[in-house]
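Text of input10.cif (mmCIF, N, CA and C atoms) as supplied:
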```cif
data_run
loop_
_atom_site.label_atom_id
_atom_site.label_comp_id
_atom_site.auth_asym_id
_atom_site.auth_seq_id
_atom_site.Cartn_x
_atom_site.Cartn_y
_atom_site.Cartn_z
N MET A 97 -121.03 12.79 19.54
CA MET A 97 -122.25 12.18 20.02
C MET A 97 -123.44 12.96 19.45
N GLY A 98 -124.49 12.26 19.14
CA GLY A 98 -125.70 12.88 18.63
C GLY A 98 -126.86 12.73 19.59
N ASN A 99 -127.93 13.42 19.29
CA ASN A 99 -129.14 13.34 20.11
C ASN A 99 -130.27 12.66 19.34
N ILE A 100 -131.12 11.99 20.08
CA ILE A 100 -132.31 11.38 19.51
C ILE A 100 -133.49 12.28 19.87
N TYR A 101 -134.21 12.72 18.86
CA TYR A 101 -135.38 13.57 19.07
C TYR A 101 -136.63 12.79 18.72
N LYS A 102 -137.62 12.83 19.60
CA LYS A 102 -138.89 12.17 19.34
C LYS A 102 -139.89 13.23 18.90
N LEU A 103 -140.45 13.04 17.72
CA LEU A 103 -141.50 13.91 17.20
C LEU A 103 -142.81 13.18 17.40
N LYS A 104 -143.76 13.84 18.03
CA LYS A 104 -145.03 13.20 18.33
C LYS A 104 -146.16 14.19 18.10
N CYS A 105 -147.20 13.74 17.40
CA CYS A 105 -148.37 14.57 17.14
C CYS A 105 -149.16 14.73 18.44
N GLU A 106 -149.61 15.96 18.70
CA GLU A 106 -150.40 16.18 19.91
C GLU A 106 -151.71 15.41 19.89
N ASN A 107 -152.16 15.00 18.72
CA ASN A 107 -153.40 14.21 18.59
C ASN A 107 -153.14 12.71 18.62
N GLY A 108 -151.87 12.30 18.65
CA GLY A 108 -151.53 10.88 18.72
C GLY A 108 -151.53 10.16 17.38
N ASP A 109 -151.58 10.91 16.29
CA ASP A 109 -151.65 10.29 14.97
C ASP A 109 -150.29 9.95 14.36
N TYR A 110 -149.21 10.44 14.96
CA TYR A 110 -147.89 10.30 14.34
C TYR A 110 -146.81 10.30 15.43
N GLU A 111 -145.78 9.47 15.21
CA GLU A 111 -144.63 9.46 16.11
C GLU A 111 -143.41 9.00 15.33
N LYS A 112 -142.28 9.69 15.53
CA LYS A 112 -141.05 9.33 14.81
C LYS A 112 -139.85 9.76 15.63
N SER A 113 -138.79 8.97 15.59
CA SER A 113 -137.52 9.32 16.23
C SER A 113 -136.51 9.69 15.15
N LEU A 114 -135.80 10.79 15.38
CA LEU A 114 -134.75 11.24 14.47
C LEU A 114 -133.42 11.21 15.21
N PHE A 115 -132.41 10.61 14.60
CA PHE A 115 -131.07 10.53 15.16
C PHE A 115 -130.23 11.64 14.52
N LEU A 116 -130.07 12.75 15.24
CA LEU A 116 -129.41 13.93 14.68
C LEU A 116 -128.07 14.17 15.34
N GLY A 117 -127.24 14.96 14.68
CA GLY A 117 -125.90 15.25 15.17
C GLY A 117 -124.90 14.29 14.58
N ALA A 118 -123.78 14.14 15.26
CA ALA A 118 -122.71 13.29 14.75
C ALA A 118 -122.31 12.26 15.79
N GLY A 119 -122.13 11.06 15.34
CA GLY A 119 -121.63 10.00 16.20
C GLY A 119 -120.24 9.61 15.75
N MET A 120 -119.86 8.40 16.01
CA MET A 120 -118.53 7.93 15.62
C MET A 120 -118.59 7.09 14.35
N ARG A 121 -119.67 7.19 13.60
CA ARG A 121 -119.82 6.38 12.39
C ARG A 121 -118.82 6.73 11.30
N TYR A 122 -118.54 8.01 11.13
CA TYR A 122 -117.71 8.47 10.02
C TYR A 122 -116.50 9.24 10.54
N PRO A 123 -115.53 8.57 11.13
CA PRO A 123 -114.36 9.28 11.64
C PRO A 123 -113.65 10.03 10.52
N GLY A 124 -113.23 11.26 10.81
CA GLY A 124 -112.54 12.07 9.82
C GLY A 124 -113.46 12.89 8.94
N PHE A 125 -114.76 12.64 8.98
CA PHE A 125 -115.72 13.40 8.19
C PHE A 125 -116.30 14.50 9.06
N ASN A 126 -116.23 15.74 8.62
CA ASN A 126 -116.73 16.87 9.40
C ASN A 126 -118.17 17.17 8.99
N GLY A 127 -119.07 16.32 9.44
CA GLY A 127 -120.47 16.49 9.09
C GLY A 127 -121.36 15.92 10.17
N SER A 128 -122.66 16.05 9.95
CA SER A 128 -123.61 15.51 10.91
C SER A 128 -124.97 15.35 10.25
N TYR A 129 -125.86 14.65 10.95
CA TYR A 129 -127.23 14.50 10.47
C TYR A 129 -128.07 15.68 10.96
N LYS A 130 -128.85 16.25 10.07
CA LYS A 130 -129.79 17.32 10.38
C LYS A 130 -131.19 16.84 10.03
N ALA A 131 -132.17 17.50 10.62
CA ALA A 131 -133.57 17.14 10.35
C ALA A 131 -134.04 17.77 9.05
N ALA A 132 -134.94 17.07 8.39
CA ALA A 132 -135.53 17.56 7.14
C ALA A 132 -136.95 17.03 7.03
N PHE A 133 -137.73 17.67 6.17
CA PHE A 133 -139.05 17.15 5.83
C PHE A 133 -139.02 16.80 4.35
N CYS A 134 -139.22 15.52 4.06
CA CYS A 134 -139.19 15.03 2.68
C CYS A 134 -140.58 15.24 2.06
N LYS A 135 -140.64 16.07 1.04
CA LYS A 135 -141.91 16.32 0.35
C LYS A 135 -142.35 15.10 -0.45
N LYS A 136 -141.38 14.33 -0.92
CA LYS A 136 -141.69 13.14 -1.71
C LYS A 136 -142.38 12.07 -0.86
N CYS A 137 -141.87 11.85 0.37
CA CYS A 137 -142.42 10.84 1.27
C CYS A 137 -143.47 11.41 2.21
N ASN A 138 -143.59 12.75 2.27
CA ASN A 138 -144.48 13.42 3.22
C ASN A 138 -144.18 12.97 4.65
N ASP A 139 -142.87 13.05 5.00
CA ASP A 139 -142.45 12.55 6.31
C ASP A 139 -141.19 13.29 6.77
N PHE A 140 -141.00 13.32 8.08
CA PHE A 140 -139.77 13.86 8.66
C PHE A 140 -138.68 12.82 8.52
N THR A 141 -137.44 13.29 8.30
CA THR A 141 -136.33 12.38 8.06
C THR A 141 -135.02 13.06 8.43
N GLU A 142 -133.91 12.36 8.19
CA GLU A 142 -132.59 12.92 8.41
C GLU A 142 -131.88 13.12 7.07
N ILE A 143 -130.97 14.10 7.06
CA ILE A 143 -130.10 14.30 5.91
C ILE A 143 -128.71 14.64 6.43
N MET A 144 -127.68 14.07 5.82
CA MET A 144 -126.33 14.35 6.24
C MET A 144 -125.83 15.63 5.57
N VAL A 145 -125.13 16.46 6.35
CA VAL A 145 -124.56 17.69 5.81
C VAL A 145 -123.06 17.71 6.08
N ASN A 146 -122.33 18.46 5.26
CA ASN A 146 -120.89 18.60 5.38
C ASN A 146 -120.59 19.98 5.95
N HIS A 147 -120.06 20.03 7.17
CA HIS A 147 -119.77 21.31 7.82
C HIS A 147 -118.65 22.07 7.11
N ASP A 148 -117.74 21.36 6.45
CA ASP A 148 -116.65 22.02 5.73
C ASP A 148 -117.15 22.73 4.47
N LYS A 149 -118.35 22.43 4.05
CA LYS A 149 -118.90 23.04 2.84
C LYS A 149 -120.22 23.75 3.16
N ASN A 150 -120.20 24.58 4.22
CA ASN A 150 -121.37 25.40 4.60
C ASN A 150 -122.64 24.59 4.81
N ASP A 151 -122.50 23.43 5.43
CA ASP A 151 -123.63 22.56 5.73
C ASP A 151 -124.41 22.12 4.49
N GLU A 152 -123.69 21.97 3.39
CA GLU A 152 -124.31 21.46 2.16
C GLU A 152 -124.70 20.00 2.36
N PRO A 153 -125.87 19.59 1.86
CA PRO A 153 -126.27 18.19 1.97
C PRO A 153 -125.31 17.25 1.25
N VAL A 154 -125.10 16.09 1.84
CA VAL A 154 -124.26 15.04 1.26
C VAL A 154 -125.21 13.90 0.91
N GLY A 155 -125.45 13.68 -0.36
CA GLY A 155 -126.39 12.64 -0.75
C GLY A 155 -127.82 13.11 -0.57
N GLY A 156 -128.71 12.14 -0.37
CA GLY A 156 -130.14 12.45 -0.27
C GLY A 156 -130.69 12.18 1.11
N THR A 157 -132.00 12.28 1.19
CA THR A 157 -132.68 12.04 2.45
C THR A 157 -132.53 10.58 2.87
N LYS A 158 -132.59 10.34 4.17
CA LYS A 158 -132.45 8.98 4.67
C LYS A 158 -133.65 8.11 4.31
N CYS A 159 -134.83 8.72 4.13
CA CYS A 159 -136.04 7.94 3.85
C CYS A 159 -136.04 7.36 2.44
N CYS A 160 -135.86 8.21 1.43
CA CYS A 160 -135.98 7.71 0.05
C CYS A 160 -134.80 8.11 -0.85
N GLY A 161 -133.84 8.86 -0.29
CA GLY A 161 -132.69 9.26 -1.08
C GLY A 161 -132.92 10.49 -1.95
N SER A 162 -134.04 11.17 -1.76
CA SER A 162 -134.33 12.36 -2.55
C SER A 162 -133.26 13.42 -2.32
N GLN A 163 -132.80 14.03 -3.40
CA GLN A 163 -131.79 15.08 -3.31
C GLN A 163 -132.37 16.46 -3.56
N GLU A 164 -133.68 16.54 -3.84
CA GLU A 164 -134.27 17.84 -4.19
C GLU A 164 -135.53 18.15 -3.41
N ASP A 165 -136.37 17.18 -3.18
CA ASP A 165 -137.70 17.43 -2.62
C ASP A 165 -137.72 17.36 -1.10
N PHE A 166 -136.89 18.20 -0.45
CA PHE A 166 -136.90 18.23 1.01
C PHE A 166 -136.66 19.67 1.48
N VAL A 167 -137.08 19.90 2.72
CA VAL A 167 -136.86 21.18 3.37
C VAL A 167 -136.18 20.90 4.69
N ARG A 168 -135.06 21.55 4.96
CA ARG A 168 -134.38 21.36 6.24
C ARG A 168 -135.17 22.07 7.33
N ILE A 169 -135.24 21.43 8.49
CA ILE A 169 -135.96 22.01 9.62
C ILE A 169 -135.05 21.98 10.85
N ASP A 170 -135.40 22.77 11.85
CA ASP A 170 -134.61 22.84 13.07
C ASP A 170 -135.45 22.33 14.22
N VAL A 171 -135.33 21.05 14.55
CA VAL A 171 -136.13 20.49 15.64
C VAL A 171 -135.59 20.89 17.01
N GLU A 172 -134.33 21.35 17.06
CA GLU A 172 -133.76 21.78 18.33
C GLU A 172 -134.41 23.08 18.81
N ASP A 173 -134.94 23.89 17.91
CA ASP A 173 -135.54 25.17 18.26
C ASP A 173 -136.92 25.27 17.63
N THR A 174 -137.87 24.50 18.15
CA THR A 174 -139.20 24.46 17.55
C THR A 174 -140.07 25.66 17.91
N GLU A 175 -139.58 26.54 18.81
CA GLU A 175 -140.34 27.77 19.09
C GLU A 175 -140.35 28.67 17.87
N ASN A 176 -139.28 28.62 17.08
CA ASN A 176 -139.20 29.45 15.88
C ASN A 176 -139.84 28.79 14.68
N GLU A 177 -140.15 27.53 14.79
CA GLU A 177 -140.67 26.78 13.65
C GLU A 177 -141.81 25.88 14.11
N GLU A 178 -142.98 26.14 13.62
CA GLU A 178 -144.14 25.32 13.97
C GLU A 178 -144.15 24.08 13.06
N LEU A 179 -144.04 22.91 13.67
CA LEU A 179 -144.05 21.67 12.91
C LEU A 179 -145.46 21.09 12.94
N THR A 180 -145.93 20.62 11.80
CA THR A 180 -147.27 20.06 11.73
C THR A 180 -147.22 18.59 11.35
N CYS A 181 -148.18 17.86 11.85
CA CYS A 181 -148.28 16.43 11.61
C CYS A 181 -148.56 16.16 10.13
N PRO A 182 -147.79 15.27 9.51
CA PRO A 182 -148.04 14.95 8.10
C PRO A 182 -149.31 14.13 7.89
N ILE A 183 -149.91 13.63 8.97
CA ILE A 183 -151.12 12.82 8.84
C ILE A 183 -152.38 13.65 9.06
N CYS A 184 -152.43 14.38 10.19
CA CYS A 184 -153.67 15.09 10.52
C CYS A 184 -153.54 16.61 10.53
N GLY A 185 -152.33 17.14 10.42
CA GLY A 185 -152.13 18.58 10.44
C GLY A 185 -152.04 19.18 11.83
N GLY A 186 -152.09 18.33 12.87
CA GLY A 186 -151.95 18.79 14.25
C GLY A 186 -150.53 19.24 14.54
N ARG A 187 -150.33 19.78 15.70
CA ARG A 187 -149.01 20.28 16.10
C ARG A 187 -148.12 19.12 16.52
N ILE A 188 -146.85 19.18 16.07
CA ILE A 188 -145.86 18.19 16.46
C ILE A 188 -145.11 18.69 17.69
N LEU A 189 -145.04 17.86 18.72
CA LEU A 189 -144.28 18.16 19.91
C LEU A 189 -142.94 17.44 19.81
N VAL A 190 -141.85 18.12 20.20
CA VAL A 190 -140.51 17.56 20.07
C VAL A 190 -139.88 17.43 21.45
N ASN A 191 -139.35 16.25 21.75
CA ASN A 191 -138.65 16.00 23.00
C ASN A 191 -137.32 15.31 22.70
N THR A 192 -136.31 15.60 23.52
CA THR A 192 -135.06 14.86 23.43
C THR A 192 -135.28 13.52 24.11
N ASP A 193 -134.94 12.45 23.40
CA ASP A 193 -135.25 11.09 23.86
C ASP A 193 -134.00 10.28 24.20
N GLY A 194 -132.84 10.89 24.13
CA GLY A 194 -131.61 10.17 24.42
C GLY A 194 -130.47 10.64 23.55
N SER A 195 -129.40 9.86 23.53
CA SER A 195 -128.25 10.18 22.70
C SER A 195 -127.73 8.92 22.01
N TRP A 196 -126.93 9.11 21.00
CA TRP A 196 -126.36 7.98 20.26
C TRP A 196 -124.90 8.29 19.91
N ASP A 197 -124.13 7.24 19.66
CA ASP A 197 -122.74 7.37 19.24
C ASP A 197 -122.58 6.90 17.83
#
```
Full structure transcribed into structure tokens:
Amino acid sequence: MGNIYKLKCENGDYEKSLFLGAGMRYPGFNGSYKAAFCKKCNDFTEIMVNHDKNDEPVGGTKCCGSQEDFVRIDVEDTENEELTCPICGGRILVNTDGSWD
């Protein structure tokens, strides 16, 4: 099961939901979706990683398929990582918004 995280700008300029973790979509595959920031799209997105290969990315970003222009982020622990709004530069607040299979 995975979690849905809602990213929201404290100024109200941006909002996005990320479906992270692993559901039942790929039985037998030891991987999950992790959060990333796509530099090409200037947006937060998901990227699939393979746990059997040290969390190496599998394919590209979910937004545009980029395999190089992204930075992985940890939305589960935003105290260690300050996330900024791609629109206004304000602080992004992260909340758990549910779960998915």
**OP:** Could you please write out, as a ChimeraX atom specification, every residue of chain A that DSSP assigns to strand (DSSP E)?
**Re:** /A:98-105,111-117,127-134,139-146,152-153,166-168,188-196
**OP:** Given the file shown, enumerate the residues that the PyMOL selection byres ((chain A and resi 152-162) around 8) captures and present them as a ChimeraX atom specification.
**Re:** /A:132,134,136-137,139-151,163-166
**OP:** Just say which residues the PyMOL selection byres ((chain A and resi 185-191) around 5) picks in this file, as a VMD selection string.
**Re:** chain A and resid 101 to 106 179 to 184 192 to 193
Report, as JSON, the centre and edge lengths in Å (one decimal) of the axis-aligned box enclosing every listed atom of region 134-140 of chain A, padded by 3 Å on each side.
```
{"center_x": -141.6, "center_y": 13.6, "center_z": 3.5, "size_x": 11.8, "size_y": 11.5, "size_z": 16.4}
```
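Applied to the file shown here, the PyMOL selection byres ((chain A and resi 168) around 7) selects the residues Lys130, Ala131, Ala132, Phe133, Phe166, Val167, Ile169 and Asp170 of chain A.
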Original post:
Between A:Val171, A:Asp197, A:Glu178, A:Ile100, which has the minimum distance to Phe115 (chain A) (counting only C-alpha atoms)?
Top reply: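 Answer, going by the shortest atom-to-atom distance: A:Ile100.
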Subject >> Expected answer as a PyMOL selection string: helix (DSSP H, G or I) residues in region 97-192 of chain A >> reply: chain A and resi 147-149+171-173
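You will find CA of Asn138 (chain A) at 22.2 Å from CA of Gly117 (chain A).
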Original post:
For Tyr129 (chain A), which residue out of A:Gly98, A:Gly108, A:Leu116, A:Ser195 is the nearest one, using only C-alpha atoms?
Top reply: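 Closest candidate: A:Leu116.
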Original post:
Hey, can you check how far CA of Ala118 (chain A) sits from atom C of Trp196 (chain A)?
Top reply: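 Computing the Euclidean distance for CA of Ala118 (chain A) and atom C of Trp196 (chain A) yields 7.5 Å.
Distance-wise, atom C of Gly194 (chain A) and atom C of Asn126 (chain A) end up 20.1 Å apart.
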